[in-house]
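**Student:** Quick one: the structure is below, and I'll ask about it shortly.
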Amino acid sequence: MEPPQHAVAKADEALLAELGYKQEFKRAFTPLEVFGVAFSIVGLLPSIASVLFYALPNGGPSSMVWGWAVTSLFILCVGMSMAELGSAAPTSGGLYFWTHSLSSPRCRNLLSWIVGYSNTIGTIASVASIDWGCAVQVMAAVSIGSNQTFTATSAQTFGVYVAIVLSHAVICCLGTAVLARLQTVYVVINICLCFAVIIGLPAATPKANMNSASYALGNFTNLYGWPDGYAFILSFLAPAWTIASFDSSVHISEESSNAATAVPWAIVSAIGISGILGWAINVSLAFCMGNDINSLINSPVGQPMAQIFFNSFGRNGTLALWSFVVLAQYMMGSSMVLASSRQTFAFSRDGALPFSSFLYRMNSFTKTPVNTVWFVAIISIILGMLSFAGSQAINAIFALSVTALYIAYAIPMIARFAFKNNFKPGPFDLGIFVSRTVWFLMMGVDH
């Protein structure tokens with residue numbers, strides 16, 4: 001009798017062949033590890049730390065708490081729609097492949113080209129923004145360790161950034177089995193870190209820095225002068241960037257066992273768990289950050305969350321906790337390079353990128369696309385050079401990643417209902433009524 005895992009592997013390979021591709025990767029990712037890729041890229045606490053500067057001046061605690069709650073629900077709708085498509089056609093090309101198969105013959109090539117490039121650019125920009133956030137966090141740790149006598153220059157932060165990107169490229173050149181096993185470690189560290197802050201921060205915060213419920217849940221602080229409604233919407237960028245790149249599970253679907261089931265549940269689970277834990281983290285921060293938001297934004301540490309921790313845990317406690325924040329952010333970058341390299345590999349496999357013949361190569365020793373890994377790393381380093389043009393220029397990379405990814409997310413989901421096609425759902429099937437309801441709600445976040 002054939003072992004069950006062999007039957008699953010044959011079914012995965014047969015489904016991929018139906019989609020027009022041959023099996024080139026080793027399917028070493030279990031369902032938990034597929035979830036681990038998406039969840040580690042979300043990297044809740046370090047991600048919230050990286051983009052807290054979007055919520056603090058654009059509504060303060062109200063935007064942190066309620067902006068997160070509202071945005072998370074819309075993001076879940078996007079994820080459910082994507083999960084249904086990923087279950088039907090689990091291939092590394094994912095979004096641009098779905099667009100081509102679901103769109104009208106008159107425009108499918110153009111739409112696929114737009115989605116493919118948006119997804120490729122968005123994933124690479126995500127690598128750049130995640131690793132830049134990691135570099136800033138490293139420098140914040142150095143500042144805290146020096147009793148805030150050290151202030152990093154742009155060149156020093158960029159140097160750390162380059163080192164982080166290059167180290168991620170080396171890690172992502174390893175074999176598939178090694179990369180898969182790392183995901184479980186990433187999941188455990190991220191969840192433990194979330195609970196450490198949700199529980200530990202209120203316990204350690206001095207009463208003088210504790211806020212009342214009316215302030216933490218109801219205060220609206222608008223520091224930049226935008227109309228309040230627009231400022232609140234601007235704060236959505238924080239959760240939108242944090243709970244993003246969940247398409248990463250799609251990009252490793254050709255390395256996943258039982259991909260038609262593992263990929264969609266990984267997407268929905270990662271978004272759902274991140275939404276709940278992220279909301280709890282923001283509530284904890286809102287109660288424990290004090291009410292001087294200007295001092296957090298303009299802190300000599302250079303990182304608002306690090307300053308909140310410093311005010312509550314002191315120097316040594318902050319350094320201990322912050323080291324795990326940096327580690328989790330580093331893991332995010334590693335998983336993001338992995339996902340981005342697979343999207344780039346798939347797009348070059350279809351001949352859509354410049355130098356596709358060079359990029360579409362599998363390393364004979366590691367059985368991984370080493371060329372696309374280094375391509376992603378080099379482009380990310382180039383994007384990081386924007387740091388020398390000022391903080392607003394490098395912050396634009398965060399906005400670029402979200403904008404490009406949601407263009408790529410929206411088009412195949414719209415194509416499914418806008419054009420006549422023969423879409424056949426996979427094991428993850430919402431049903432036509434739920435699918436259309438989710439689609440209408442999803443359009444709220446895409447627009």
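All residue names refer to the structure tokens as shown: chains lettered A, B, ... in order, residues numbered from 1 in each chain, ligands numbered from 1 in order.
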Give me, as a VMD selection string, all polymer residues having an atom no more than 12 Å from A:Ile124, counting only C-alpha atoms and skipping those fewer than 4 positions away in the same chain.
**Tutor:** chain A and resid 117 to 120 128 to 131 165 245 248 333 335 to 344 372 to 384 397 to 398 400 to 402 404 to 405
**Student:** Nearest to A:Ala415: which of A:Ile41, A:Ile293, A:Leu111, A:Leu386 is it, counting only C-alpha atoms?
**Tutor:** A:Leu111
**Student:** Env of A:Ala49: 9 Å cut, atoms = only C-alpha atoms, seq-sep filter 4 positions within chain, self excluded. Answer as a PyMOL selection string.
**Tutor:** chain A and resi 44-45+53+133+137+303-306+325
**Student:** Please indicate the distance in Å from atom CA of A:Thr403 to atom CA of A:Val42, rounded to one decimal place.
**Tutor:** 16.4 Å
**Student:** Residues within 10 Å of stretch 354-363 of chain A, please, as a ChimeraX atom specification. Count only C-alpha atoms; anything in the same chain fewer than 2 positions from it doesn't count.
**Tutor:** /A:24-25,173,175,341,344-352,365-375
**Student:** Counting only C-alpha atoms, which residues of stretch 10-61 of chain A sit at most 12 Å from some atom of stretch 296-301 of chain A, and what is each one's closest atom pair with its distance in Å to one decimal, listed by chain and rising residue number, as a tab-separated table?
**Tutor:**
residue	atom	partner	partner_atom	distance
A:Ala49	CA	A:Ile297	CA	11.8
A:Val51	CA	A:Ile297	CA	11.4
A:Leu52	CA	A:Ile297	CA	9.0
A:Phe53	CA	A:Ile297	CA	6.7
A:Tyr54	CA	A:Ile297	CA	10.0
A:Ala55	CA	A:Ile297	CA	10.5
A:Leu56	CA	A:Ile297	CA	7.6
A:Pro57	CA	A:Ile297	CA	8.0
A:Asn58	CA	A:Ile297	CA	11.6
A:Gly60	CA	A:Ile297	CA	10.9
**Student:** Save out the residues we just selected, all heavy atoms, as an mmCIF file, in the first residue's frame.
**Tutor:**
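Listing of again.cif after writing:
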data_model
loop_
_atom_site.group_PDB
_atom_site.id
_atom_site.type_symbol
_atom_site.label_atom_id
_atom_site.label_comp_id
_atom_site.auth_asym_id
_atom_site.auth_seq_id
_atom_site.Cartn_x
_atom_site.Cartn_y
_atom_site.Cartn_z
ATOM 1 N N ALA A 49 6.274 47.959 15.850
ATOM 2 C CA ALA A 49 7.342 48.890 16.237
ATOM 3 C C ALA A 49 7.832 49.704 15.045
ATOM 4 O O ALA A 49 8.108 50.901 15.165
ATOM 5 C CB ALA A 49 8.504 48.115 16.865
ATOM 6 N N VAL A 51 6.193 50.643 12.356
ATOM 7 C CA VAL A 51 5.240 51.584 11.752
ATOM 8 C C VAL A 51 4.404 52.340 12.786
ATOM 9 O O VAL A 51 3.406 52.977 12.429
ATOM 10 C CB VAL A 51 4.293 50.844 10.770
ATOM 11 C CG1 VAL A 51 5.060 50.353 9.563
ATOM 12 C CG2 VAL A 51 3.577 49.682 11.469
ATOM 13 N N LEU A 52 4.814 52.309 14.045
ATOM 14 C CA LEU A 52 4.079 53.037 15.066
ATOM 15 C C LEU A 52 4.069 54.540 14.784
ATOM 16 O O LEU A 52 3.133 55.251 15.181
ATOM 17 C CB LEU A 52 4.696 52.755 16.443
ATOM 18 C CG LEU A 52 3.871 53.124 17.681
ATOM 19 C CD1 LEU A 52 2.515 52.440 17.662
ATOM 20 C CD2 LEU A 52 4.633 52.774 18.951
ATOM 21 N N PHE A 53 5.075 55.009 14.051
ATOM 22 C CA PHE A 53 5.154 56.439 13.738
ATOM 23 C C PHE A 53 4.058 56.880 12.768
ATOM 24 O O PHE A 53 3.847 58.080 12.572
ATOM 25 C CB PHE A 53 6.529 56.793 13.166
ATOM 26 C CG PHE A 53 6.877 56.079 11.888
ATOM 27 C CD1 PHE A 53 6.474 56.582 10.667
ATOM 28 C CD2 PHE A 53 7.617 54.906 11.907
ATOM 29 C CE1 PHE A 53 6.788 55.937 9.492
ATOM 30 C CE2 PHE A 53 7.940 54.251 10.739
ATOM 31 C CZ PHE A 53 7.523 54.758 9.526
ATOM 32 N N TYR A 54 3.331 55.933 12.146
ATOM 33 C CA TYR A 54 2.182 56.302 11.310
ATOM 34 C C TYR A 54 0.936 56.543 12.156
ATOM 35 O O TYR A 54 0.121 57.413 11.853
ATOM 36 C CB TYR A 54 1.882 55.205 10.283
ATOM 37 C CG TYR A 54 2.780 55.227 9.077
ATOM 38 C CD1 TYR A 54 3.679 54.200 8.832
ATOM 39 C CD2 TYR A 54 2.726 56.279 8.169
ATOM 40 C CE1 TYR A 54 4.509 54.206 7.716
ATOM 41 C CE2 TYR A 54 3.547 56.312 7.050
ATOM 42 C CZ TYR A 54 4.437 55.273 6.828
ATOM 43 O OH TYR A 54 5.262 55.299 5.736
ATOM 44 N N ALA A 55 0.754 55.751 13.214
ATOM 45 C CA ALA A 55 -0.459 55.856 14.022
ATOM 46 C C ALA A 55 -0.363 56.938 15.092
ATOM 47 O O ALA A 55 -1.340 57.647 15.349
ATOM 48 C CB ALA A 55 -0.766 54.513 14.678
ATOM 49 N N LEU A 56 0.804 57.083 15.718
ATOM 50 C CA LEU A 56 0.939 58.012 16.840
ATOM 51 C C LEU A 56 0.545 59.449 16.489
ATOM 52 O O LEU A 56 -0.244 60.070 17.212
ATOM 53 C CB LEU A 56 2.356 57.964 17.400
ATOM 54 C CG LEU A 56 2.683 56.791 18.329
ATOM 55 C CD1 LEU A 56 4.168 56.790 18.678
ATOM 56 C CD2 LEU A 56 1.839 56.865 19.604
ATOM 57 N N PRO A 57 1.070 60.048 15.390
ATOM 58 C CA PRO A 57 0.704 61.445 15.116
ATOM 59 C C PRO A 57 -0.629 61.597 14.396
ATOM 60 O O PRO A 57 -1.132 62.704 14.262
ATOM 61 C CB PRO A 57 1.853 61.930 14.222
ATOM 62 C CG PRO A 57 2.290 60.698 13.496
ATOM 63 C CD PRO A 57 2.082 59.553 14.442
ATOM 64 N N ASN A 58 -1.200 60.500 13.910
ATOM 65 C CA ASN A 58 -2.444 60.555 13.140
ATOM 66 C C ASN A 58 -3.608 59.942 13.916
ATOM 67 O O ASN A 58 -4.324 59.078 13.418
ATOM 68 C CB ASN A 58 -2.266 59.837 11.805
ATOM 69 C CG ASN A 58 -1.320 60.561 10.880
ATOM 70 O OD1 ASN A 58 -1.503 61.742 10.588
ATOM 71 N ND2 ASN A 58 -0.283 59.880 10.429
ATOM 72 N N GLY A 60 -3.184 59.080 17.454
ATOM 73 C CA GLY A 60 -2.712 58.600 18.747
ATOM 74 C C GLY A 60 -3.370 57.295 19.157
ATOM 75 O O GLY A 60 -3.561 56.390 18.341
#
